[in-house]
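Q: This is the structure I want to talk about, given as structure tokens.
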Amino acid sequence: VDTRLVLKNKLFVFLPGTTGFPAAYKLIVKKAAALGYHSIGLMYPNSTDIYTAASNSSDNNEFGKCRQEIFDGTDQTTGVSVDANNCIKARLTSLLQYLVQTYPSQNWQQYFLNGNIDWSKIILAGHSQGGGHSFYISKQVRLYRAISFSSMDWNTTLGRSADWIAQSGATPTSAMYSFNSINDQLFSYNNVRTQLDELGLQGPAKSIDITPTPYSGSHQLTTSASPAISLLVPDHNLTCLDQYVPKSGGDVAPNFRDAWEYLLQP
């Protein structure tokens, strides 16, 4: 939190991708803080188990069961094993309690309501698996905003989206945004686009490479930009993973900076 700013009194929470960790996503978290948000990167149980269990399952509810258990620690499936102390909800609660006690002048207490997290004040975002959690959690609680970077829940065996995608949710689709590379090596963009439409995100998709902000008001942003490095799955990672984000003069490339600000602004 940058206390020199006029603060928005909203909390930005970022969830890393599979086997990733918050320190690898500092740029997007710092951008949120620079815009006046209280801002944190949250570690959570993010192994590959969810995809092993759900991507080829004959049960199209398996993705949802895995995500529910990772969110609140309730026993939903043998596909993942997350207890009530280490789920996203409990870890965020514990961290906020610590921040309230350690930095009493920074007003972290505003993100509790009657002792529970006030989800209506939270922008929940994430990359890959983390992006899927942000959208799934937006169905369970009313978020201020949900942002997904490079994410999809696609059942390869059944050839369609996970069942939870089409279910109604607590957060209106007007508060849901996405950012994807059309060259993503992990998730076929054709399937991603199908899934975003099924979620009800406002489109059509707009490329940040050729369309200036505010992108005709689209909630589906895309890019075909080249990543800063070419290791592993670079186009999957370039939307928000520090090493891969396109740079200009040592800073985030202008079109990515504009896109992030658009995604984060109310």
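Simple scheme: letters A, B, ... for chains in structure tokens order, numbers from 1 for residues in each chain, numbers from 1 for ligands in the order shown.
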Could you give me, as an MDAnalysis selection string, the residues within 9 Å of A:Phe71, counting only C-alpha atoms and dropping anything in the same chain fewer than 4 positions from it?

A: chainID A and resid 66:67 82 87:90 133 136:137

Q: Save the residues we just selected, N, CA, C and O atoms, as a tab-separated table (two decimals), in the first residue's frame?

A:
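out_9.tsv was written with the following content:
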```
chain	number	residue	atom	x	y	z
A	66	CYS	N	-12.55	-29.52	-7.29
A	66	CYS	CA	-11.16	-29.20	-6.93
A	66	CYS	C	-11.04	-27.73	-6.53
A	66	CYS	O	-10.41	-27.40	-5.52
A	67	ARG	N	-11.65	-26.86	-7.30
A	67	ARG	CA	-11.54	-25.43	-7.01
A	67	ARG	C	-12.26	-25.07	-5.71
A	67	ARG	O	-11.79	-24.20	-4.96
A	82	VAL	N	-6.63	-30.32	0.28
A	82	VAL	CA	-6.39	-29.01	0.88
A	82	VAL	C	-7.23	-28.90	2.14
A	82	VAL	O	-8.45	-29.09	2.10
A	87	CYS	N	-6.36	-23.40	2.76
A	87	CYS	CA	-7.13	-22.99	1.59
A	87	CYS	C	-6.98	-21.49	1.35
A	87	CYS	O	-6.48	-20.75	2.20
A	88	ILE	N	-7.39	-21.03	0.18
A	88	ILE	CA	-7.27	-19.61	-0.17
A	88	ILE	C	-7.97	-18.73	0.86
A	88	ILE	O	-7.43	-17.73	1.33
A	89	LYS	N	-9.17	-19.09	1.22
A	89	LYS	CA	-9.97	-18.28	2.15
A	89	LYS	C	-9.27	-18.12	3.50
A	89	LYS	O	-9.18	-17.02	4.05
A	90	ALA	N	-8.75	-19.23	4.04
A	90	ALA	CA	-8.10	-19.18	5.36
A	90	ALA	C	-6.78	-18.44	5.30
A	90	ALA	O	-6.44	-17.68	6.22
A	133	HIS	N	-9.20	-19.76	-10.46
A	133	HIS	CA	-9.72	-19.59	-9.10
A	133	HIS	C	-10.45	-18.26	-8.96
A	133	HIS	O	-11.51	-18.18	-8.31
A	136	TYR	N	-13.81	-18.75	-10.55
A	136	TYR	CA	-14.63	-19.69	-9.79
A	136	TYR	C	-15.12	-19.04	-8.49
A	136	TYR	O	-16.31	-19.13	-8.15
A	137	ILE	N	-14.21	-18.38	-7.77
A	137	ILE	CA	-14.58	-17.75	-6.51
A	137	ILE	C	-15.60	-16.64	-6.74
A	137	ILE	O	-16.48	-16.40	-5.91
```

Q: Using the chain letters and numbers from this document, which residues of stretch 40-255 of chain A does DSSP assign to helix (DSSP H, G or I), as JSON, numbers by chain?

A: {"A": [49, 50, 51, 52, 53, 54, 62, 63, 64, 65, 66, 67, 68, 69, 70, 71, 72, 88, 89, 90, 91, 92, 93, 94, 95, 96, 97, 98, 99, 100, 101, 102, 104, 105, 106, 108, 109, 110, 111, 119, 120, 121, 129, 130, 131, 132, 133, 134, 135, 136, 137, 138, 139, 140, 163, 164, 165, 166, 173, 174, 175, 189, 190, 191, 192, 193, 194, 195, 196, 197, 198, 199, 215, 216, 217, 234, 235, 236, 237, 254, 255]}

Q: Based on the backbone DSSP call, show me all residues of stretch 4-226 of chain A assigned strand (DSSP E or B), as a PDB file with N, CA and C atoms, in the first residue's frame.

A:
```
ATOM      1  N   LEU A  11      -9.098  -3.805  -2.133  1.00  0.00           N
ATOM      2  CA  LEU A  11      -7.956  -4.706  -1.988  1.00  0.00           C
ATOM      3  C   LEU A  11      -7.756  -5.531  -3.255  1.00  0.00           C
ATOM      4  N   PHE A  12      -6.539  -5.490  -3.801  1.00  0.00           N
ATOM      5  CA  PHE A  12      -6.166  -6.318  -4.942  1.00  0.00           C
ATOM      6  C   PHE A  12      -5.444  -7.554  -4.427  1.00  0.00           C
ATOM      7  N   VAL A  13      -5.961  -8.733  -4.766  1.00  0.00           N
ATOM      8  CA  VAL A  13      -5.355 -10.003  -4.362  1.00  0.00           C
ATOM      9  C   VAL A  13      -4.997 -10.777  -5.625  1.00  0.00           C
ATOM     10  N   PHE A  14      -3.721 -11.170  -5.753  1.00  0.00           N
ATOM     11  CA  PHE A  14      -3.275 -11.888  -6.942  1.00  0.00           C
ATOM     12  C   PHE A  14      -2.860 -13.307  -6.577  1.00  0.00           C
ATOM     13  N   LEU A  15      -3.373 -14.285  -7.359  1.00  0.00           N
ATOM     14  CA  LEU A  15      -3.091 -15.704  -7.156  1.00  0.00           C
ATOM     15  C   LEU A  15      -2.177 -16.213  -8.270  1.00  0.00           C
ATOM     16  N   HIS A  38      -4.769  -1.268  -1.810  1.00  0.00           N
ATOM     17  CA  HIS A  38      -4.044  -2.196  -0.963  1.00  0.00           C
ATOM     18  C   HIS A  38      -3.827  -3.430  -1.848  1.00  0.00           C
ATOM     19  N   SER A  39      -2.625  -4.008  -1.818  1.00  0.00           N
ATOM     20  CA  SER A  39      -2.305  -4.988  -2.854  1.00  0.00           C
ATOM     21  C   SER A  39      -1.407  -6.088  -2.310  1.00  0.00           C
ATOM     22  N   ILE A  40      -1.793  -7.337  -2.546  1.00  0.00           N
ATOM     23  CA  ILE A  40      -0.997  -8.464  -2.064  1.00  0.00           C
ATOM     24  C   ILE A  40      -0.959  -9.585  -3.101  1.00  0.00           C
ATOM     25  N   GLY A  41       0.131 -10.353  -3.057  1.00  0.00           N
ATOM     26  CA  GLY A  41       0.214 -11.620  -3.783  1.00  0.00           C
ATOM     27  C   GLY A  41       0.062 -12.731  -2.774  1.00  0.00           C
ATOM     28  N   PHE A 112     -12.489  -6.548   6.526  1.00  0.00           N
ATOM     29  CA  PHE A 112     -13.297  -7.473   7.314  1.00  0.00           C
ATOM     30  C   PHE A 112     -14.677  -6.859   7.553  1.00  0.00           C
ATOM     31  N   LEU A 113     -15.672  -7.709   7.565  1.00  0.00           N
ATOM     32  CA  LEU A 113     -17.030  -7.312   7.898  1.00  0.00           C
ATOM     33  C   LEU A 113     -17.594  -8.350   8.849  1.00  0.00           C
ATOM     34  N   ASN A 116     -15.489 -11.486   9.134  1.00  0.00           N
ATOM     35  CA  ASN A 116     -15.233 -12.269   7.921  1.00  0.00           C
ATOM     36  C   ASN A 116     -14.703 -11.363   6.805  1.00  0.00           C
ATOM     37  N   ILE A 117     -14.071 -11.956   5.803  1.00  0.00           N
ATOM     38  CA  ILE A 117     -13.577 -11.186   4.673  1.00  0.00           C
ATOM     39  C   ILE A 117     -14.742 -10.489   3.983  1.00  0.00           C
ATOM     40  N   ILE A 122     -12.960  -6.549  -2.756  1.00  0.00           N
ATOM     41  CA  ILE A 122     -11.759  -7.216  -3.265  1.00  0.00           C
ATOM     42  C   ILE A 122     -11.790  -7.378  -4.779  1.00  0.00           C
ATOM     43  N   ILE A 123     -10.682  -6.997  -5.416  1.00  0.00           N
ATOM     44  CA  ILE A 123     -10.408  -7.388  -6.801  1.00  0.00           C
ATOM     45  C   ILE A 123      -9.569  -8.650  -6.724  1.00  0.00           C
ATOM     46  N   LEU A 124     -10.105  -9.761  -7.179  1.00  0.00           N
ATOM     47  CA  LEU A 124      -9.391 -11.035  -7.140  1.00  0.00           C
ATOM     48  C   LEU A 124      -8.916 -11.363  -8.546  1.00  0.00           C
ATOM     49  N   ALA A 125      -7.614 -11.512  -8.691  1.00  0.00           N
ATOM     50  CA  ALA A 125      -7.020 -11.785  -9.997  1.00  0.00           C
ATOM     51  C   ALA A 125      -6.059 -12.952  -9.883  1.00  0.00           C
ATOM     52  N   GLY A 126      -5.720 -13.538 -11.024  1.00  0.00           N
ATOM     53  CA  GLY A 126      -4.757 -14.617 -10.996  1.00  0.00           C
ATOM     54  C   GLY A 126      -4.336 -15.038 -12.383  1.00  0.00           C
ATOM     55  N   HIS A 127      -3.235 -15.758 -12.426  1.00  0.00           N
ATOM     56  CA  HIS A 127      -2.671 -16.246 -13.675  1.00  0.00           C
ATOM     57  C   HIS A 127      -2.869 -17.755 -13.790  1.00  0.00           C
ATOM     58  N   ARG A 145     -14.374  -7.100  -8.278  1.00  0.00           N
ATOM     59  CA  ARG A 145     -13.983  -7.392  -9.654  1.00  0.00           C
ATOM     60  C   ARG A 145     -13.203  -8.698  -9.673  1.00  0.00           C
ATOM     61  N   ALA A 146     -13.277  -9.429 -10.786  1.00  0.00           N
ATOM     62  CA  ALA A 146     -12.496 -10.651 -10.980  1.00  0.00           C
ATOM     63  C   ALA A 146     -11.759 -10.538 -12.303  1.00  0.00           C
ATOM     64  N   ILE A 147     -10.459 -10.871 -12.287  1.00  0.00           N
ATOM     65  CA  ILE A 147      -9.635 -10.770 -13.489  1.00  0.00           C
ATOM     66  C   ILE A 147      -8.874 -12.078 -13.687  1.00  0.00           C
ATOM     67  N   SER A 148      -8.991 -12.624 -14.873  1.00  0.00           N
ATOM     68  CA  SER A 148      -8.299 -13.864 -15.206  1.00  0.00           C
ATOM     69  C   SER A 148      -7.254 -13.605 -16.288  1.00  0.00           C
ATOM     70  N   PHE A 149      -6.026 -14.002 -16.012  1.00  0.00           N
ATOM     71  CA  PHE A 149      -4.944 -13.922 -16.981  1.00  0.00           C
ATOM     72  C   PHE A 149      -4.603 -15.341 -17.461  1.00  0.00           C
ATOM     73  N   TRP A 154     -10.919 -26.648 -19.300  1.00  0.00           N
ATOM     74  CA  TRP A 154     -11.437 -27.369 -20.455  1.00  0.00           C
ATOM     75  C   TRP A 154     -11.270 -28.866 -20.251  1.00  0.00           C
ATOM     76  N   ASN A 155     -12.355 -29.624 -20.389  1.00  0.00           N
ATOM     77  CA  ASN A 155     -12.309 -31.073 -20.271  1.00  0.00           C
ATOM     78  C   ASN A 155     -11.993 -31.668 -21.642  1.00  0.00           C
ATOM     79  N   ARG A 160     -15.350 -30.030 -23.860  1.00  0.00           N
ATOM     80  CA  ARG A 160     -16.148 -28.857 -23.498  1.00  0.00           C
ATOM     81  C   ARG A 160     -15.677 -28.259 -22.175  1.00  0.00           C
ATOM     82  N   SER A 161     -16.231 -27.094 -21.872  1.00  0.00           N
ATOM     83  CA  SER A 161     -15.881 -26.404 -20.635  1.00  0.00           C
ATOM     84  C   SER A 161     -16.356 -27.182 -19.411  1.00  0.00           C
ATOM     85  N   MET A 176     -16.326  -8.902 -14.467  1.00  0.00           N
ATOM     86  CA  MET A 176     -15.373  -9.951 -14.804  1.00  0.00           C
ATOM     87  C   MET A 176     -14.611  -9.574 -16.074  1.00  0.00           C
ATOM     88  N   TYR A 177     -13.277  -9.723 -16.015  1.00  0.00           N
ATOM     89  CA  TYR A 177     -12.399  -9.345 -17.121  1.00  0.00           C
ATOM     90  C   TYR A 177     -11.365 -10.437 -17.371  1.00  0.00           C
ATOM     91  N   SER A 178     -10.844 -10.477 -18.607  1.00  0.00           N
ATOM     92  CA  SER A 178      -9.826 -11.473 -18.943  1.00  0.00           C
ATOM     93  C   SER A 178      -8.777 -10.875 -19.863  1.00  0.00           C
ATOM     94  N   PHE A 179      -7.592 -11.495 -19.864  1.00  0.00           N
ATOM     95  CA  PHE A 179      -6.495 -11.095 -20.735  1.00  0.00           C
ATOM     96  C   PHE A 179      -5.753 -12.357 -21.152  1.00  0.00           C
ATOM     97  N   ASN A 180      -5.685 -12.595 -22.458  1.00  0.00           N
ATOM     98  CA  ASN A 180      -5.095 -13.831 -22.974  1.00  0.00           C
ATOM     99  C   ASN A 180      -4.236 -13.567 -24.200  1.00  0.00           C
ATOM    100  N   SER A 181      -3.212 -14.401 -24.373  1.00  0.00           N
ATOM    101  CA  SER A 181      -2.454 -14.399 -25.623  1.00  0.00           C
ATOM    102  C   SER A 181      -3.134 -15.346 -26.603  1.00  0.00           C
ATOM    103  N   LYS A 206     -10.885  -7.761 -27.906  1.00  0.00           N
ATOM    104  CA  LYS A 206     -10.132  -6.671 -28.507  1.00  0.00           C
ATOM    105  C   LYS A 206      -8.637  -6.871 -28.254  1.00  0.00           C
ATOM    106  N   SER A 207      -7.844  -6.733 -29.315  1.00  0.00           N
ATOM    107  CA  SER A 207      -6.393  -6.851 -29.204  1.00  0.00           C
ATOM    108  C   SER A 207      -5.799  -5.553 -28.699  1.00  0.00           C
ATOM    109  N   GLN A 220     -12.825  -8.746 -22.739  1.00  0.00           N
ATOM    110  CA  GLN A 220     -11.967  -9.807 -23.244  1.00  0.00           C
ATOM    111  C   GLN A 220     -10.809  -9.174 -24.026  1.00  0.00           C
ATOM    112  N   LEU A 221      -9.658  -9.038 -23.375  1.00  0.00           N
ATOM    113  CA  LEU A 221      -8.485  -8.473 -24.026  1.00  0.00           C
ATOM    114  C   LEU A 221      -7.557  -9.582 -24.507  1.00  0.00           C
ATOM    115  N   THR A 222      -6.923  -9.348 -25.650  1.00  0.00           N
ATOM    116  CA  THR A 222      -5.989 -10.318 -26.213  1.00  0.00           C
ATOM    117  C   THR A 222      -4.706  -9.616 -26.646  1.00  0.00           C
ATOM    118  N   THR A 223      -3.680 -10.421 -26.917  1.00  0.00           N
ATOM    119  CA  THR A 223      -2.437  -9.910 -27.473  1.00  0.00           C
ATOM    120  C   THR A 223      -1.758 -11.006 -28.281  1.00  0.00           C
TER     121      THR A 223
END
```

Q: Near A:Tyr51, counting only C-alpha atoms, which residues have an atom at most 10 Å away, once you skip same-chain residues fewer than 6 positions from it, shown as a ChimeraX atom specification?

A: /A:18,57,62-63,66,79-80,129,153-155

Q: Using only C-alpha atoms, pick whichever of A:Leu92, A:Ala228, A:Leu42, A:Leu5 has the shortest atom-to-atom distance to A:Asp251.

A: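 Counting only C-alpha atoms, the residue closest to A:Asp251 is A:Ala228.
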
Q: Just how far from atom CA of A:Leu35 is atom CA of A:Tyr144, in Å to one decimal?

A: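 Answer for the atom CA of A:Tyr144 to atom CA of A:Leu35 separation: 15.6 Å.
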
Q: List the spatial neighbours of A:Ser151 as number ranges by chain - criterion: any atom at most 6 Å away, only C-alpha atoms, same-chain residues fewer than 2 positions off excluded.

A: A: 128, 131-132, 149

Q: Export C-alpha atoms of the chosen residues as a short mmCIF file (atom, residue, chain, number, x, y, z; two decimals), in the first residue's frame?

A:
```cif
data_model
loop_
_atom_site.label_atom_id
_atom_site.label_comp_id
_atom_site.auth_asym_id
_atom_site.auth_seq_id
_atom_site.Cartn_x
_atom_site.Cartn_y
_atom_site.Cartn_z
CA SER A 128 -3.45 -19.65 -15.25
CA GLY A 131 -7.07 -16.99 -12.93
CA GLY A 132 -9.44 -19.94 -12.87
CA PHE A 149 -4.94 -13.92 -16.98
#
```

Q: For A:Thr194, work out the shell of residues within 12 Å, counting only C-alpha atoms and skipping chain neighbours fewer than 4 positions away, then give it as a list in words.

A: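 Skipping anything fewer than 4 positions along the chain leaves Met152, Asp153, Trp154, Gly159, Arg160, Ser161, Ala162, Ile165, Ala166, Phe187, Ser188, Tyr189, Asn190, Glu198, Leu199, Gly200, Leu201, Gly203, Pro204, Ala205 and Gln220 of chain A.
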
Q: Would you pick out the contacts of A:Tyr262 at 10 Å or less, using only C-alpha atoms, so that residues sharing its chain but fewer than 6 positions from it are not included, and give the list as a PyMOL selection string?

A: chain A and resi 177+213-215+217+219+221+256

Q: Using N, CA and C atoms, can you export the residues from the last selection as a CSV table (one decimal), in the first residue's frame?

A:
```
chain,number,residue,atom,x,y,z
A,177,TYR,N,-13.3,-9.7,-16.0
A,177,TYR,CA,-12.4,-9.3,-17.1
A,177,TYR,C,-11.4,-10.4,-17.4
A,213,THR,N,-6.8,1.8,-25.6
A,213,THR,CA,-7.6,1.9,-24.4
A,213,THR,C,-8.7,3.0,-24.6
A,214,PRO,N,-10.0,2.7,-24.3
A,214,PRO,CA,-10.5,1.7,-23.4
A,214,PRO,C,-11.1,0.5,-24.2
A,215,TYR,N,-10.5,0.1,-25.3
A,215,TYR,CA,-10.8,-1.1,-26.0
A,215,TYR,C,-12.3,-1.4,-26.3
A,217,GLY,N,-14.7,-0.9,-24.5
A,217,GLY,CA,-15.4,-1.4,-23.4
A,217,GLY,C,-15.4,-3.0,-23.3
A,219,HIS,N,-14.5,-6.7,-22.2
A,219,HIS,CA,-13.9,-7.4,-21.1
A,219,HIS,C,-13.1,-8.6,-21.4
A,221,LEU,N,-9.7,-9.0,-23.4
A,221,LEU,CA,-8.5,-8.5,-24.0
A,221,LEU,C,-7.6,-9.6,-24.5
A,256,PHE,N,0.9,-2.9,-22.6
A,256,PHE,CA,0.6,-3.8,-21.5
A,256,PHE,C,0.3,-2.9,-20.2
```
